[in-house]
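Below is my_file_7.cif, which holds mmCIF, C-alpha atoms.
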```cif
data_upload
loop_
_atom_site.label_atom_id
_atom_site.label_comp_id
_atom_site.auth_asym_id
_atom_site.auth_seq_id
_atom_site.Cartn_x
_atom_site.Cartn_y
_atom_site.Cartn_z
CA MET A 1 -9.68 -26.42 0.83
CA ALA A 2 -6.73 -25.64 -1.45
CA GLU A 3 -8.78 -23.15 -3.45
CA PHE A 4 -9.77 -21.32 -0.26
CA ALA A 5 -6.11 -20.98 0.79
CA ALA A 6 -5.13 -19.56 -2.62
CA VAL A 7 -8.07 -17.15 -2.78
CA ALA A 8 -7.69 -16.07 0.87
CA GLY A 9 -4.02 -15.23 0.28
CA LEU A 10 -4.82 -13.13 -2.79
CA LEU A 11 -7.70 -11.36 -1.05
CA SER A 12 -5.50 -10.59 1.94
CA LEU A 13 -2.83 -9.11 -0.33
CA LEU A 14 -5.44 -7.04 -2.15
CA PHE A 15 -6.87 -5.78 1.15
CA VAL A 16 -3.43 -4.72 2.42
CA ALA A 17 -2.74 -2.89 -0.86
CA VAL A 18 -6.02 -0.96 -0.64
CA VAL A 19 -5.36 -0.02 3.00
CA GLN A 20 -1.85 1.19 2.09
CA LEU A 21 -3.27 3.28 -0.75
CA ALA A 22 -5.67 4.85 1.74
CA VAL A 23 -2.74 5.63 4.05
CA VAL A 24 -0.87 7.34 1.20
CA GLN A 25 -3.92 9.42 0.30
CA HIS A 26 -4.45 10.36 3.95
CA VAL A 27 -0.83 11.46 4.36
CA ARG A 28 -0.95 13.49 1.15
CA ALA A 29 -4.22 15.21 2.09
CA THR A 30 -3.01 15.96 5.62
CA ALA A 31 0.31 17.36 4.38
CA ALA A 32 -1.47 19.54 1.81
CA ASP A 33 -3.88 20.82 4.47
CA CYS A 34 -1.00 21.64 6.83
CA ALA A 35 0.86 23.44 4.02
CA GLY A 36 -2.23 25.47 3.17
CA GLU A 37 -2.84 26.38 6.80
CA GLY A 38 0.81 27.39 7.21
CA ALA A 39 0.61 29.55 4.07
CA ARG A 40 -2.53 31.26 5.39
CA PHE A 41 -0.82 31.87 8.73
CA GLY A 42 2.33 33.25 7.07
CA ALA A 43 0.24 35.51 4.81
CA LEU A 44 -1.45 37.30 7.69
CA ARG A 45 -0.49 40.91 8.35
CA GLY A 46 2.33 41.01 10.87
CA HIS A 47 3.55 37.50 10.03
CA SER A 48 6.29 36.32 7.70
CA PRO A 49 6.68 33.24 5.48
CA ALA A 50 9.04 31.84 8.14
CA ASP A 51 6.13 31.96 10.61
CA GLY A 52 4.07 29.97 8.11
CA ALA A 53 6.80 27.35 7.77
CA ARG A 54 7.06 27.05 11.56
CA ARG A 55 3.27 26.66 11.86
CA THR A 56 3.31 24.00 9.14
CA ARG A 57 6.03 22.06 10.98
CA GLU A 58 3.99 22.19 14.20
CA LEU A 59 0.85 20.94 12.46
CA LEU A 60 2.67 18.12 10.64
CA ALA A 61 4.40 16.97 13.81
CA ALA A 62 1.10 16.95 15.70
CA SER A 63 -1.01 15.28 13.00
CA LEU A 64 1.38 12.80 11.36
CA SER A 65 4.90 12.52 12.77
CA PRO A 66 7.93 14.77 13.30
CA ALA A 67 9.58 12.90 10.40
CA TYR A 68 7.10 14.57 8.05
CA ALA A 69 7.99 18.05 9.34
CA ARG A 70 11.71 17.97 8.52
CA ASP A 71 11.69 19.59 5.07
CA VAL A 72 9.36 22.60 5.04
CA THR A 73 10.16 25.79 3.14
CA ALA A 74 8.20 29.00 2.69
CA HIS A 75 8.71 32.07 0.54
CA VAL A 76 6.83 34.81 -1.27
CA VAL A 77 6.13 34.36 -4.98
CA ARG A 78 4.36 36.69 -7.38
CA VAL A 79 1.24 35.62 -9.20
CA GLY A 80 0.61 38.44 -11.63
CA ALA A 81 1.17 41.51 -9.49
CA GLN A 82 -0.01 39.89 -6.24
CA PRO A 83 2.36 38.58 -3.55
CA VAL A 84 1.48 35.02 -2.56
CA VAL A 85 3.00 33.03 0.31
CA GLU A 86 3.94 29.52 -0.81
CA VAL A 87 4.73 26.78 1.69
CA GLN A 88 6.28 23.59 0.30
CA VAL A 89 6.48 20.30 2.18
CA ALA A 90 8.73 17.47 1.01
CA ALA A 91 7.76 14.42 3.08
CA PRO A 92 8.42 10.69 3.03
CA LEU A 93 6.14 8.66 0.77
CA PRO A 94 4.60 5.99 3.00
CA VAL A 95 5.26 2.61 1.41
CA LEU A 96 4.91 0.31 4.41
CA GLY A 97 2.61 1.81 7.04
CA LEU A 98 3.99 5.32 7.60
CA LEU A 99 7.54 4.28 6.67
CA GLY A 100 9.03 5.11 3.32
CA PRO A 101 11.72 6.90 1.36
CA GLY A 102 12.33 10.56 2.21
CA ARG A 103 11.21 13.38 -0.10
CA GLY A 104 8.94 11.08 -2.10
CA LEU A 105 5.91 13.31 -1.60
CA THR A 106 5.86 17.05 -2.33
CA VAL A 107 2.86 19.30 -1.67
CA ARG A 108 2.40 23.07 -1.72
CA GLY A 109 0.05 25.50 -0.04
CA HIS A 110 -0.64 29.05 -1.22
CA ALA A 111 -2.25 32.12 0.31
CA LEU A 112 -2.57 35.71 -0.84
CA GLN A 113 -0.41 37.92 1.36
CA GLU A 114 -2.22 40.66 3.25
CA GLY A 115 -1.02 44.22 2.70
CA SER A 116 1.18 45.75 5.36
#
```
Any chance you could put this one into structure tokens?
Amino acid sequence: MAEFAAVAGLLSLLFVAVVQLAVVQHVRATAADCAGEGARFGALRGHSPADGARRTRELLAASLSPAYARDVTAHVVRVGAQPVVEVQVAAPLPVLGLLGPGRGLTVRGHALQEGS
């Protein structure tokens, strides 16, 4: 009986750690996808990087939480001679559920800007 209590406690702790790791990976993948989609939107002809940042904020607020959409920036960078829209998201790193320290997770999305 005592062995079961010790092993059950360790297994429960291991299970919670694996679930939390899955939550972190899910948040990172979702934020990267939202940043990429925002960069593609901002790179379209007739749109600006600010439009891409706004789209990224909307997607993050809808898919994760408005707390993850607070720090989104977008600008044009040059890769070689090509203009590329870059959207950067600095989001909380989920340590306990979806709660965690701010700006612990940074992801970027890129898209080649269409000619005007």
Would you mind listing what lies within 9 Å of Ser63 (chain A) as number ranges by chain, with only C-alpha atoms counted and same-chain residues fewer than 6 positions away left out?
A: 30-31, 34
Taking into account all atoms listed in the file, which residue in the set A:Val77, A:Leu10, A:Val72, A:Met1 is nearest to Leu59 (chain A)?
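Smallest separation from Leu59 (chain A) among the options: A:Val72.
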In terms of all atoms listed in the file, the residue from A:Gly102, A:Pro94, A:Gly9, A:Gly109 at minimal distance from Ala22 (chain A) is A:Pro94
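Shortest atom-to-atom contact with Asp51 (chain A) among A:Leu64, A:Ala35, A:Ala74, A:Ala2: A:Ala74, counting all atoms listed in the file.
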Residue contacts of region 36-50 of chain A (8 Å, only C-alpha atoms) excluding same-chain residues fewer than 2 positions away, as a PyMOL selection string:
chain A and resi 32-34+52-56+73-76+84-87+108-116
With C-alpha atoms retained, could you export that selection as a compact mmCIF listing (two decimals), keeping the file's coordinate frame?
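Output below, filename out-v8.txt:
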```
# COMPACT_ATOMS: atom_id res chain seq x y z
CA ALA A 32 -1.47 19.54 1.81
CA ASP A 33 -3.88 20.82 4.47
CA CYS A 34 -1.00 21.64 6.83
CA GLY A 52 4.07 29.97 8.11
CA ALA A 53 6.80 27.35 7.77
CA ARG A 54 7.06 27.05 11.56
CA ARG A 55 3.27 26.66 11.86
CA THR A 56 3.31 24.00 9.14
CA THR A 73 10.16 25.79 3.14
CA ALA A 74 8.20 29.00 2.69
CA HIS A 75 8.71 32.07 0.54
CA VAL A 76 6.83 34.81 -1.27
CA VAL A 84 1.48 35.02 -2.56
CA VAL A 85 3.00 33.03 0.31
CA GLU A 86 3.94 29.52 -0.81
CA VAL A 87 4.73 26.78 1.69
CA ARG A 108 2.40 23.07 -1.72
CA GLY A 109 0.05 25.50 -0.04
CA HIS A 110 -0.64 29.05 -1.22
CA ALA A 111 -2.25 32.12 0.31
CA LEU A 112 -2.57 35.71 -0.84
CA GLN A 113 -0.41 37.92 1.36
CA GLU A 114 -2.22 40.66 3.25
CA GLY A 115 -1.02 44.22 2.70
CA SER A 116 1.18 45.75 5.36
```
Would you compute the distance between CA of Val18 (chain A) and CA of Leu93 (chain A)? Give it in Å to one decimal.
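Taking CA of Val18 (chain A) as the start and CA of Leu93 (chain A) as the end point, the length is 15.6 Å.
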Between CA of Arg28 (chain A) and CA of Glu58 (chain A) - distance in Å to one decimal
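Computing the Euclidean distance for CA of Glu58 (chain A) and CA of Arg28 (chain A) yields 16.4 Å.
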Point-to-point distance from CA of Arg57 (chain A) to CA of Gly80 (chain A), Å rounded to tenths
28.4 Å
List as a VMD selection string the residues having at least one atom at most 12 Å from position (11.8, 9.3, 0.6) as given in the file, counting only C-alpha atoms.
chain A and resid 67 to 68 70 to 71 90 to 96 98 to 106
